[in-house]
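Novice: Got a structure here, written out as structure tokens. Questions coming.
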Amino acid sequence: MFRLTVGAGLLASALLAALPAMAQPSGSATLDAVKARGTLICGVAGAVPGFSLPDSQGIMRGIDADSCRNVAAAVLGDANKVKFAVTTTQNRFTALQSGEIDLLVRSTTWTLGREASLGLEFAGVNYYDGTGFLVKKALGVKSAKEMDGATICVQPGTSTELAISDYYRVNKMKFTPILIQDLAEIQAAFLAGRCDAYSTDSSALATFRATQTNKDDFLLLPEIISKEPLGYVVRKGDDKWFDIVRWSYFATVAAEEMDVSSKNVDEMLASTNPDIRRLLGVEGEMGKSLGLDAKWAYNIIKQVGNFGETWDRNITVLGVPRGINAVWTKGGLHYAPPIR
Ligand SMILES: N[C@@H](CCC(=O)N[C@@H](CS)C(=O)NCC(=O)O)C(=O)O
């Protein structure tokens, strides 16, 4: 431990004043760390089509990957300054708690238990999902209600496990879980007939089915047995970082609500609509309030796109309908509070 004398303290203040570009603490330890590093470390699954999966050039693609990019664009002005950290269903929360990652966007369901007991909080929902069951048509089952006594392949440490238990309890039926951590292994086990059904978020089941050559041999059962709002997760106790992540998501929704997209965002800088002007940093001090540049939302929209563009690029192409994931003006659940 060392003590500063008054003189040394003055010298230190003078040095700080002389170096304005050096990191002045922002009040957010995570923001400071990300800026000092120059990259955002974002936890994803890295294996799920539509969510996070490297393309043929090794670039991480998907709605979760793009959610990470939104935050990098807002904070660093460059959506590409993301280091993707592959996490599993079981180690994702410790990766965030320990500070290995700055943000987790990994098809992770927002639940009371997770938010109240893990020291983590959910800053936004990028996909309103639900648990489903995928079976082979050859099983001859048309409804989850006919699945008494079934073996079900499920990944451990997921809210899926809990949803299945509740469903079976309510319907007074029994099932045997086959717990397999690795995604490729669980899918292979299901295909090889080790379980009657494969259960996870229905989005992942739909995209898994769509990527099979014999996709018509599979059936997604009609029951969606739980609510699985998947979102952006941060550590508790860094409220400024929470605000940045939360409003990075809201900016994409606000942009879609107002038809501001990556294609027209430059023309929109000349818009007379005050909501658009504030969103794009032409007037007001929205960026400053967040501890960011005035162009924080402009950079997201220009480089990543509005929420609908991100959805279409990653999810629509896999044949999954928008449904409740539309913006509220089109009957969906994505809604941005006023940016003012
Ligand atoms: N949303 C549930 C389920 C998460 C989950 O199991 N996701 C799957 C399918 S979207 C996944 O990421 N699998 C890829 C992997 O584990 O590598 C949760 O938060 O527990």
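Following the order of the structure tokens, chains are lettered A, B, ..., residues in each are numbered from 1, and ligands are numbered from 1.
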Pick out the residues sitting within 9 Å of Gln181 in chain A, and hand them over as a list in words; count only C-alpha atoms, and ignore anything fewer than 2 positions along from it in its own chain.
Specialist: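 So, after excluding close chain neighbours, the residues are Thr88, Thr89, Gln90, Val154, Gln155, Pro156, Gly157, Leu179, Leu183, Glu185 and Ile186 of chain A.
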Novice: If you run DSSP over the backbone, which residues in range 163-236 of chain A end up strand (DSSP E)? Put them as JSON, numbers by chain.
Specialist: {"A": [175, 176, 177, 178, 179, 197, 198, 199, 200, 201, 218, 219, 220, 228, 229, 230, 231, 232, 233, 234, 235]}
Novice: Please return as a ChimeraX atom specification: the residues of range 50-198 of chain A that backbone DSSP assigns to helix (DSSP H, G or I).
Specialist: /A:63-76,92-97,112-117,137-139,144-146,159-170,183-191
Novice: Just N, CA and C atoms for this one: save the residues we selected as a short mmCIF file (atom, residue, chain, number, x, y, z; two decimals), in the first residue's frame.
Specialist:
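Listing of part.cif after writing:
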data_model
loop_
_atom_site.label_atom_id
_atom_site.label_comp_id
_atom_site.auth_asym_id
_atom_site.auth_seq_id
_atom_site.Cartn_x
_atom_site.Cartn_y
_atom_site.Cartn_z
N ILE A 63 -28.44 -14.31 -34.76
CA ILE A 63 -29.07 -13.20 -34.05
C ILE A 63 -28.36 -12.93 -32.73
N ASP A 64 -27.83 -13.97 -32.08
CA ASP A 64 -27.07 -13.74 -30.85
C ASP A 64 -25.75 -13.03 -31.18
N ALA A 65 -25.09 -13.50 -32.23
CA ALA A 65 -23.83 -12.86 -32.64
C ALA A 65 -24.07 -11.39 -32.98
N ASP A 66 -25.17 -11.11 -33.69
CA ASP A 66 -25.45 -9.72 -34.05
C ASP A 66 -25.85 -8.88 -32.84
N SER A 67 -26.42 -9.52 -31.84
CA SER A 67 -26.73 -8.78 -30.61
C SER A 67 -25.43 -8.33 -29.94
N CYS A 68 -24.42 -9.20 -29.96
CA CYS A 68 -23.10 -8.81 -29.46
C CYS A 68 -22.58 -7.63 -30.28
N ARG A 69 -22.73 -7.74 -31.61
CA ARG A 69 -22.23 -6.66 -32.49
C ARG A 69 -22.91 -5.33 -32.20
N ASN A 70 -24.21 -5.37 -31.86
CA ASN A 70 -24.92 -4.11 -31.52
C ASN A 70 -24.17 -3.38 -30.41
N VAL A 71 -23.78 -4.13 -29.39
CA VAL A 71 -23.15 -3.50 -28.23
C VAL A 71 -21.75 -3.01 -28.61
N ALA A 72 -21.03 -3.77 -29.41
CA ALA A 72 -19.70 -3.33 -29.84
C ALA A 72 -19.80 -2.06 -30.67
N ALA A 73 -20.80 -1.99 -31.55
CA ALA A 73 -20.97 -0.79 -32.39
C ALA A 73 -21.28 0.42 -31.52
N ALA A 74 -22.15 0.22 -30.51
CA ALA A 74 -22.53 1.33 -29.63
C ALA A 74 -21.34 1.82 -28.81
N VAL A 75 -20.55 0.88 -28.31
CA VAL A 75 -19.50 1.23 -27.36
C VAL A 75 -18.19 1.60 -28.04
N LEU A 76 -17.84 0.84 -29.09
CA LEU A 76 -16.52 1.01 -29.71
C LEU A 76 -16.61 1.63 -31.11
N ARG A 92 -21.96 -21.25 -19.02
CA ARG A 92 -22.24 -19.87 -19.47
C ARG A 92 -22.35 -18.87 -18.32
N PHE A 93 -23.00 -19.27 -17.22
CA PHE A 93 -23.20 -18.29 -16.14
C PHE A 93 -21.90 -18.01 -15.38
N THR A 94 -21.10 -19.07 -15.16
CA THR A 94 -19.82 -18.83 -14.48
C THR A 94 -18.90 -17.98 -15.34
N ALA A 95 -18.95 -18.15 -16.65
CA ALA A 95 -18.11 -17.33 -17.53
C ALA A 95 -18.42 -15.85 -17.33
N LEU A 96 -19.70 -15.54 -17.14
CA LEU A 96 -20.09 -14.15 -16.94
C LEU A 96 -19.76 -13.70 -15.51
N GLN A 97 -20.10 -14.53 -14.54
CA GLN A 97 -19.84 -14.16 -13.13
C GLN A 97 -18.36 -13.88 -12.89
N LEU A 112 -36.86 -15.92 -13.14
CA LEU A 112 -36.70 -15.28 -11.83
C LEU A 112 -35.51 -15.90 -11.10
N GLY A 113 -35.45 -17.23 -11.11
CA GLY A 113 -34.39 -17.92 -10.38
C GLY A 113 -33.01 -17.48 -10.84
N ARG A 114 -32.83 -17.40 -12.14
CA ARG A 114 -31.52 -16.99 -12.67
C ARG A 114 -31.21 -15.55 -12.28
N GLU A 115 -32.20 -14.68 -12.40
CA GLU A 115 -31.92 -13.28 -12.14
C GLU A 115 -31.74 -13.01 -10.65
N ALA A 116 -32.47 -13.73 -9.81
CA ALA A 116 -32.43 -13.41 -8.38
C ALA A 116 -31.30 -14.12 -7.65
N SER A 117 -30.76 -15.20 -8.23
CA SER A 117 -29.78 -15.93 -7.42
C SER A 117 -28.40 -16.08 -8.03
N LYS A 137 -41.45 -38.87 -37.49
CA LYS A 137 -42.84 -39.19 -37.85
C LYS A 137 -43.11 -40.67 -37.65
N ALA A 138 -42.07 -41.48 -37.84
CA ALA A 138 -42.22 -42.94 -37.72
C ALA A 138 -42.69 -43.35 -36.32
N LEU A 139 -42.51 -42.46 -35.34
CA LEU A 139 -42.96 -42.77 -33.97
C LEU A 139 -44.49 -42.82 -33.90
N ALA A 144 -47.88 -33.99 -27.86
CA ALA A 144 -47.06 -34.26 -26.67
C ALA A 144 -47.86 -35.07 -25.65
N LYS A 145 -49.16 -34.95 -25.69
CA LYS A 145 -50.03 -35.69 -24.75
C LYS A 145 -49.94 -37.20 -24.95
N GLU A 146 -49.46 -37.60 -26.13
CA GLU A 146 -49.32 -39.05 -26.41
C GLU A 146 -47.93 -39.54 -26.03
N SER A 159 -33.20 -24.50 -18.95
CA SER A 159 -34.56 -24.33 -18.46
C SER A 159 -35.49 -25.32 -19.16
N THR A 160 -35.03 -25.90 -20.27
CA THR A 160 -35.82 -26.92 -20.97
C THR A 160 -36.14 -28.09 -20.03
N GLU A 161 -35.11 -28.52 -19.30
CA GLU A 161 -35.29 -29.64 -18.35
C GLU A 161 -36.45 -29.36 -17.40
N LEU A 162 -36.47 -28.14 -16.88
CA LEU A 162 -37.50 -27.76 -15.91
C LEU A 162 -38.87 -27.68 -16.56
N ALA A 163 -38.90 -27.17 -17.79
CA ALA A 163 -40.18 -27.05 -18.50
C ALA A 163 -40.78 -28.42 -18.76
N ILE A 164 -39.94 -29.38 -19.13
CA ILE A 164 -40.45 -30.74 -19.41
C ILE A 164 -41.00 -31.36 -18.12
N SER A 165 -40.24 -31.23 -17.02
CA SER A 165 -40.71 -31.79 -15.74
C SER A 165 -42.08 -31.23 -15.37
N ASP A 166 -42.22 -29.91 -15.49
CA ASP A 166 -43.51 -29.29 -15.16
C ASP A 166 -44.62 -29.84 -16.05
N TYR A 167 -44.33 -29.93 -17.33
CA TYR A 167 -45.36 -30.37 -18.28
C TYR A 167 -45.82 -31.79 -17.96
N TYR A 168 -44.86 -32.64 -17.67
CA TYR A 168 -45.22 -34.03 -17.37
C TYR A 168 -45.96 -34.11 -16.04
N ARG A 169 -45.56 -33.29 -15.10
CA ARG A 169 -46.24 -33.32 -13.79
C ARG A 169 -47.70 -32.88 -13.95
N VAL A 170 -47.90 -31.78 -14.65
CA VAL A 170 -49.26 -31.26 -14.84
C VAL A 170 -50.13 -32.28 -15.58
N LEU A 183 -23.93 -30.51 -28.26
CA LEU A 183 -25.02 -30.37 -29.23
C LEU A 183 -24.96 -31.43 -30.33
N ALA A 184 -23.78 -31.63 -30.91
CA ALA A 184 -23.66 -32.62 -31.98
C ALA A 184 -24.02 -34.01 -31.46
N GLU A 185 -23.61 -34.28 -30.23
CA GLU A 185 -23.90 -35.60 -29.65
C GLU A 185 -25.38 -35.81 -29.38
N ILE A 186 -26.02 -34.78 -28.88
CA ILE A 186 -27.45 -34.94 -28.56
C ILE A 186 -28.25 -35.12 -29.85
N GLN A 187 -27.84 -34.39 -30.88
CA GLN A 187 -28.57 -34.52 -32.15
C GLN A 187 -28.33 -35.90 -32.76
N ALA A 188 -27.08 -36.38 -32.65
CA ALA A 188 -26.77 -37.71 -33.17
C ALA A 188 -27.54 -38.78 -32.40
N ALA A 189 -27.66 -38.58 -31.09
CA ALA A 189 -28.38 -39.56 -30.26
C ALA A 189 -29.84 -39.62 -30.68
N PHE A 190 -30.42 -38.46 -30.92
CA PHE A 190 -31.83 -38.42 -31.35
C PHE A 190 -31.99 -39.09 -32.72
N LEU A 191 -31.09 -38.75 -33.63
CA LEU A 191 -31.19 -39.33 -34.99
C LEU A 191 -31.01 -40.85 -34.94
#
